[in-house]
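Colleague: Here you go, this is upload30.cif (mmCIF, C-alpha atoms).
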data_model
#
loop_
_atom_site.label_atom_id
_atom_site.label_comp_id
_atom_site.auth_asym_id
_atom_site.auth_seq_id
_atom_site.Cartn_x
_atom_site.Cartn_y
_atom_site.Cartn_z
CA MET M 25 -10.27 -44.63 20.08
CA GLY M 26 -8.78 -41.94 17.87
CA ASN M 27 -9.53 -39.16 20.38
CA ILE M 28 -7.68 -40.74 23.33
CA PHE M 29 -4.45 -38.85 22.68
CA VAL M 30 -6.09 -35.50 21.91
CA LYS M 31 -4.70 -32.84 24.22
CA LYS M 32 -7.42 -31.15 26.25
CA PRO M 33 -7.41 -27.36 26.40
CA LYS M 34 -6.00 -25.92 29.62
CA ILE M 35 -8.56 -24.25 31.89
CA THR M 36 -7.27 -20.92 33.14
CA ASP M 37 -8.34 -18.73 36.05
CA VAL M 38 -10.04 -16.44 33.57
CA ASP M 39 -12.14 -19.33 32.30
CA ARG M 40 -13.14 -20.23 35.84
CA ALA M 41 -14.09 -16.61 36.60
CA ILE M 42 -16.22 -16.39 33.46
CA LEU M 43 -17.94 -19.67 34.31
CA SER M 44 -18.68 -18.48 37.86
CA LEU M 45 -20.14 -15.19 36.66
CA LYS M 46 -22.34 -16.90 34.08
CA THR M 47 -23.59 -19.33 36.73
CA GLN M 48 -24.41 -16.45 39.05
CA ARG M 49 -26.20 -14.63 36.23
CA ARG M 50 -28.35 -17.69 35.58
CA LYS M 51 -29.27 -18.00 39.27
CA LEU M 52 -30.11 -14.31 39.54
CA GLY M 53 -32.37 -14.62 36.50
CA GLN M 54 -34.23 -17.50 38.14
CA TYR M 55 -34.53 -15.48 41.38
CA GLN M 56 -36.00 -12.60 39.40
CA GLN M 57 -38.73 -14.82 38.01
CA GLN M 58 -39.57 -16.08 41.51
CA LEU M 59 -39.84 -12.55 42.89
CA GLU M 60 -42.05 -11.44 40.02
CA THR M 61 -44.35 -14.40 40.72
CA VAL M 62 -44.56 -13.53 44.44
CA ILE M 63 -45.23 -9.86 43.70
CA GLU M 64 -48.07 -10.75 41.33
CA ALA M 65 -49.51 -13.17 43.92
CA GLU M 66 -49.45 -10.53 46.73
CA LYS M 67 -51.06 -8.03 44.39
CA GLN M 68 -53.86 -10.44 43.57
CA ALA M 69 -54.31 -11.29 47.27
CA ALA M 70 -54.67 -7.58 48.10
CA ARG M 71 -57.41 -7.27 45.47
CA ASP M 72 -59.30 -10.22 46.91
CA LEU M 73 -59.02 -8.90 50.49
CA ILE M 74 -60.27 -5.48 49.41
CA ARG M 75 -63.34 -7.12 47.88
CA GLU M 76 -63.87 -8.96 51.18
CA LYS M 77 -63.59 -5.67 53.07
CA ARG M 78 -60.60 -6.95 55.01
CA LYS M 79 -58.53 -3.80 55.00
CA ASP M 80 -55.84 -4.89 57.48
CA ARG M 81 -55.04 -8.05 55.59
CA ALA M 82 -55.07 -6.19 52.28
CA LEU M 83 -52.58 -3.62 53.63
CA LEU M 84 -50.34 -6.45 54.86
CA ALA M 85 -50.37 -8.04 51.41
CA LEU M 86 -49.43 -4.75 49.83
CA LYS M 87 -46.53 -4.32 52.29
CA LYS M 88 -45.23 -7.77 51.38
CA LYS M 89 -45.55 -6.84 47.72
CA LYS M 90 -43.58 -3.65 48.33
CA ALA M 91 -40.79 -5.56 50.12
CA GLN M 92 -40.54 -8.05 47.26
CA GLU M 93 -40.37 -5.18 44.73
CA GLU M 94 -37.47 -3.60 46.65
CA LEU M 95 -35.68 -6.94 46.66
CA LEU M 96 -36.32 -7.29 42.93
CA LYS M 97 -34.67 -3.92 42.34
CA GLN M 98 -31.65 -5.13 44.30
CA VAL M 99 -31.46 -8.29 42.21
CA ASP M 100 -31.65 -6.22 39.05
CA THR M 101 -28.64 -4.21 40.26
CA TRP M 102 -26.69 -7.37 41.01
CA LEU M 103 -27.51 -8.75 37.58
CA ILE M 104 -26.34 -5.54 35.91
CA ASN M 105 -23.03 -5.74 37.83
CA VAL M 106 -22.53 -9.35 36.77
CA GLU M 107 -23.23 -8.49 33.13
CA GLN M 108 -20.82 -5.55 33.28
CA GLN M 109 -18.07 -7.69 34.78
CA LEU M 110 -18.53 -10.33 32.11
CA ALA M 111 -18.25 -7.63 29.43
CA ASP M 112 -15.10 -6.25 31.07
CA ILE M 113 -13.49 -9.67 31.18
CA GLU M 114 -14.33 -10.30 27.52
CA LEU M 115 -12.86 -6.92 26.54
CA ALA M 116 -9.73 -7.52 28.61
CA SER M 117 -9.31 -10.95 26.99
CA LYS M 118 -9.49 -9.43 23.51
CA GLN M 119 -7.04 -6.69 24.49
CA LYS M 120 -4.63 -9.32 25.79
CA ALA M 121 -4.98 -11.32 22.56
CA VAL M 122 -4.19 -8.20 20.54
CA PHE M 123 -1.23 -7.42 22.81
CA ASP M 124 0.13 -10.94 22.45
CA SER M 125 -0.18 -10.74 18.65
CA LEU M 126 1.63 -7.39 18.56
CA LYS M 127 4.33 -8.68 20.85
CA ALA M 128 4.82 -11.79 18.70
CA GLY M 129 5.07 -9.60 15.60
CA SER M 130 7.59 -7.31 17.27
CA ASP M 131 9.69 -10.28 18.38
CA ALA M 132 9.63 -11.68 14.84
CA ILE M 133 10.82 -8.35 13.40
CA LYS M 134 13.63 -8.17 15.94
CA ALA M 135 14.67 -11.75 15.16
CA ILE M 136 14.82 -10.99 11.43
CA GLN M 137 16.70 -7.74 11.97
CA SER M 138 19.22 -9.49 14.21
CA GLU M 139 20.19 -11.66 11.22
CA ILE M 140 20.92 -8.59 9.07
CA ASN M 141 24.12 -6.58 9.61
CA LEU M 142 23.95 -2.94 8.58
CA ASP M 143 27.56 -3.03 7.44
CA ASP M 144 26.78 -5.99 5.19
CA VAL M 145 23.79 -4.13 3.72
CA GLN M 146 25.90 -1.06 3.03
CA LYS M 147 28.63 -3.16 1.44
CA LEU M 148 26.06 -4.93 -0.74
CA MET M 149 24.67 -1.61 -1.95
CA ASP M 150 28.17 -0.29 -2.70
CA ASP M 151 29.11 -3.45 -4.61
CA THR M 152 25.90 -3.25 -6.64
CA GLU M 153 26.53 0.39 -7.52
CA GLU M 154 30.12 -0.33 -8.52
CA ALA M 155 29.05 -3.27 -10.68
CA LYS M 156 26.43 -1.15 -12.41
CA ALA M 157 28.90 1.66 -13.06
CA TYR M 158 31.45 -0.82 -14.42
CA GLN M 159 28.88 -2.35 -16.79
CA ASP M 160 27.88 1.12 -18.01
CA GLU M 161 31.52 1.87 -18.82
CA ILE M 162 31.85 -1.40 -20.75
CA ASN M 163 28.71 -0.67 -22.74
CA ALA M 164 29.93 2.82 -23.57
CA ILE M 165 33.31 1.50 -24.76
CA LEU M 166 31.84 -1.27 -26.90
CA GLY M 167 29.20 1.02 -28.34
CA GLU M 168 26.38 -1.29 -27.42
CA LYS M 169 24.09 1.54 -26.52
CA LEU M 170 21.50 2.15 -29.21
CA SER M 171 20.97 5.60 -30.64
CA ALA M 172 17.60 7.25 -31.11
CA GLU M 173 17.61 6.28 -34.80
CA ASP M 174 18.30 2.66 -33.93
CA GLU M 175 15.43 2.69 -31.50
CA GLU M 176 13.10 4.06 -34.21
CA GLU M 177 14.24 1.40 -36.70
CA ILE M 178 13.66 -1.36 -34.17
CA LEU M 179 10.19 0.00 -33.41
CA ALA M 180 9.35 0.20 -37.13
CA GLU M 181 10.54 -3.38 -37.66
CA PHE M 182 8.44 -4.52 -34.74
CA GLU M 183 5.31 -2.86 -36.17
CA ASN M 184 6.04 -4.41 -39.60
CA LEU M 185 6.38 -7.90 -38.11
CA GLU M 186 3.23 -7.37 -36.09
CA THR M 187 1.31 -6.43 -39.25
CA GLN M 188 2.63 -9.46 -41.18
CA MET M 189 1.66 -11.81 -38.36
CA ALA M 190 -1.82 -10.29 -38.22
CA ILE M 191 -2.24 -10.88 -41.98
CA GLN M 192 -1.04 -14.48 -41.66
CA ASP M 193 -3.48 -15.14 -38.88
CA MET M 194 -6.45 -13.97 -41.00
CA PRO M 195 -8.73 -16.83 -42.23
CA THR M 196 -8.10 -17.98 -45.84
CA VAL M 197 -10.78 -17.71 -48.56
CA PRO M 198 -11.82 -21.10 -50.03
CA VAL M 199 -10.71 -21.48 -53.69
CA THR M 200 -12.57 -24.69 -54.61
CA ALA M 201 -14.84 -24.15 -57.64
CA PRO M 202 -18.51 -24.82 -56.98
CA SER M 203 -20.04 -27.95 -58.48
CA GLU M 204 -21.43 -27.50 -61.99
CA GLU M 205 -24.51 -29.51 -61.12
CA HIS M 206 -25.48 -27.08 -58.38
CA GLU M 207 -24.24 -23.87 -59.98
CA LYS M 208 -25.46 -24.39 -63.62
CA LEU M 209 -28.15 -21.84 -64.46
CA ASP M 210 -30.69 -22.01 -67.26
CA LEU M 211 -29.80 -18.77 -69.13
CA PRO M 212 -30.72 -17.66 -72.71
CA ASP M 213 -28.11 -17.76 -75.50
CA VAL M 214 -25.93 -14.72 -76.00
CA PRO M 215 -26.96 -12.75 -79.20
CA THR M 216 -24.29 -12.48 -81.92
CA LYS M 217 -25.64 -9.28 -83.57
CA ALA M 218 -26.37 -5.88 -82.17
CA PRO M 219 -30.08 -5.27 -81.56
CA VAL M 220 -31.88 -2.97 -84.00
CA ALA M 221 -34.94 -0.86 -83.30
CA PRO M 222 -38.16 -1.82 -85.21
CA ASN M 223 -38.48 1.60 -86.91
CA VAL M 224 -34.96 1.34 -88.27
CA ILE M 225 -35.68 -2.11 -89.71
CA ALA M 226 -38.79 -0.79 -91.49
CA ASP M 227 -36.90 2.18 -92.97
CA ASP M 228 -34.13 -0.09 -94.22
CA ALA M 229 -36.67 -2.37 -95.94
CA ALA M 230 -38.39 0.56 -97.69
CA LEU M 231 -35.08 1.95 -98.83
CA ALA M 232 -34.08 -1.41 -100.26
CA SER M 233 -37.33 -1.81 -102.17
CA ALA M 234 -36.95 1.69 -103.67
CA LYS M 235 -33.40 1.03 -104.90
CA VAL M 236 -34.27 -2.15 -106.80
CA PRO M 237 -36.37 -0.54 -109.65
CA ILE M 238 -33.81 2.16 -110.17
CA LYS M 239 -31.11 -0.44 -110.68
CA LYS M 240 -33.32 -2.34 -113.15
CA LYS M 241 -34.05 0.82 -115.11
CA VAL M 242 -30.43 1.63 -115.47
CA MET M 243 -29.66 -1.85 -116.64
CA GLU M 244 -32.47 -1.72 -119.35
CA GLU M 245 -31.22 1.48 -120.98
CA PRO M 246 -29.17 0.82 -124.20
CA LEU M 247 -25.54 1.65 -124.06
CA PRO M 248 -24.48 4.50 -126.37
CA ALA M 249 -22.96 3.44 -129.71
#
Step by step, read the file and then write its structure as structure tokens.

Modeller:
Amino acid sequence: MGNIFVKKPKITDVDRAILSLKTQRRKLGQYQQQLETVIEAEKQAARDLIREKRKDRALLALKKKKAQEELLKQVDTWLINVEQQLADIELASKQKAVFDSLKAGSDAIKAIQSEINLDDVQKLMDDTEEAKAYQDEINAILGEKLSAEDEEEILAEFENLETQMAIQDMPTVPVTAPSEEHEKLDLPDVPTKAPVAPNVIADDAALASAKVPIKKKVMEEPLPA
């Protein structure tokens, strides 16, 4: 029910011509097959008649075969002409489609250009140039134009801000102290005295033992009166 109001495509004379040529091509192809069958049959009949020593009948079969071959050549020529005409029609149709597209594009350009007045375009360009010149004069009077030094300062400030933002965006280092239960290590106690070599300890002991008798001897001597 939904396709009742669909508009059918219009059949043109070109469509009818193409349909007629394709129909003729199909019929010629069928005729070709028939002729090839007849030619093969006459050829086989001539072989059989030659075996039977019937020369006259064999020659007649070969003449029929020759006539059918000539007709087949004619059909081939007709088929080639039909194919060529179909190709020409297809090429002409494409050329017409291209021409129609170019013509539509040209008409569209003309329609757009007809809406534009050259005087209006020139006036618009003049007004734009005058407005720009007027703004340049205002900027020059107010001193809004930046000098080369100002431009360098602005660029330096931009680079500084860019660096600060890059630093702020860097990930922060965690400051939470690790748990003592997991981080406590079983280390030896720190020594409170400087280490001494074994030879030095032995020398110090011998020296101490030598000094003790000397001190006793001095203490035993009587003091002078």

Colleague: Just to confirm, what's the straight-line distance from CA of Gly53 (chain M) to CA of Gln109 (chain M) in Å (one decimal)?

Modeller: 16.0 Å

Colleague: Just to confirm, what's the straight-line distance from CA of Ile63 (chain M) to CA of Leu110 (chain M) in Å (one decimal)?

Modeller: 29.1 Å

Colleague: In terms of the shortest atom-to-atom distance over only C-alpha atoms, which of M:Thr152, M:Gln188, M:Asn163, M:Gln54 is closest to Val99 (chain M)?

Modeller: M:Gln54

Colleague: Calculate how many Å separate CA of Leu148 (chain M) from CA of Asp131 (chain M), rounding to one decimal.

Modeller: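 Separation of CA of Leu148 (chain M) and CA of Asp131 (chain M): 25.7 Å.
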
Colleague: Which residues are near Val38 (chain M)? Cut-off 12 Å, only C-alpha atoms, ignore same chain within fewer than 6 positions. Put them as a VMD selection string.

Modeller: chain M and resid 44 to 45 109 to 110 112 to 114 116 to 117 120

Colleague: Applying 9 Å and all atoms listed in the file, which residues near Glu60 (chain M) remain after dropping the ones on its own chain fewer than 3 positions away? List them as a ChimeraX atom specification.

Modeller: /M:55-57,63-65,92-93,96

Colleague: Which polymer residues, protein or nucleic acid, are no farther than 12 Å from (-44.8, -6.4, 50.1), counting all atoms listed in the file, as a ChimeraX atom specification?

Modeller: /M:59-60,62-70,81-96
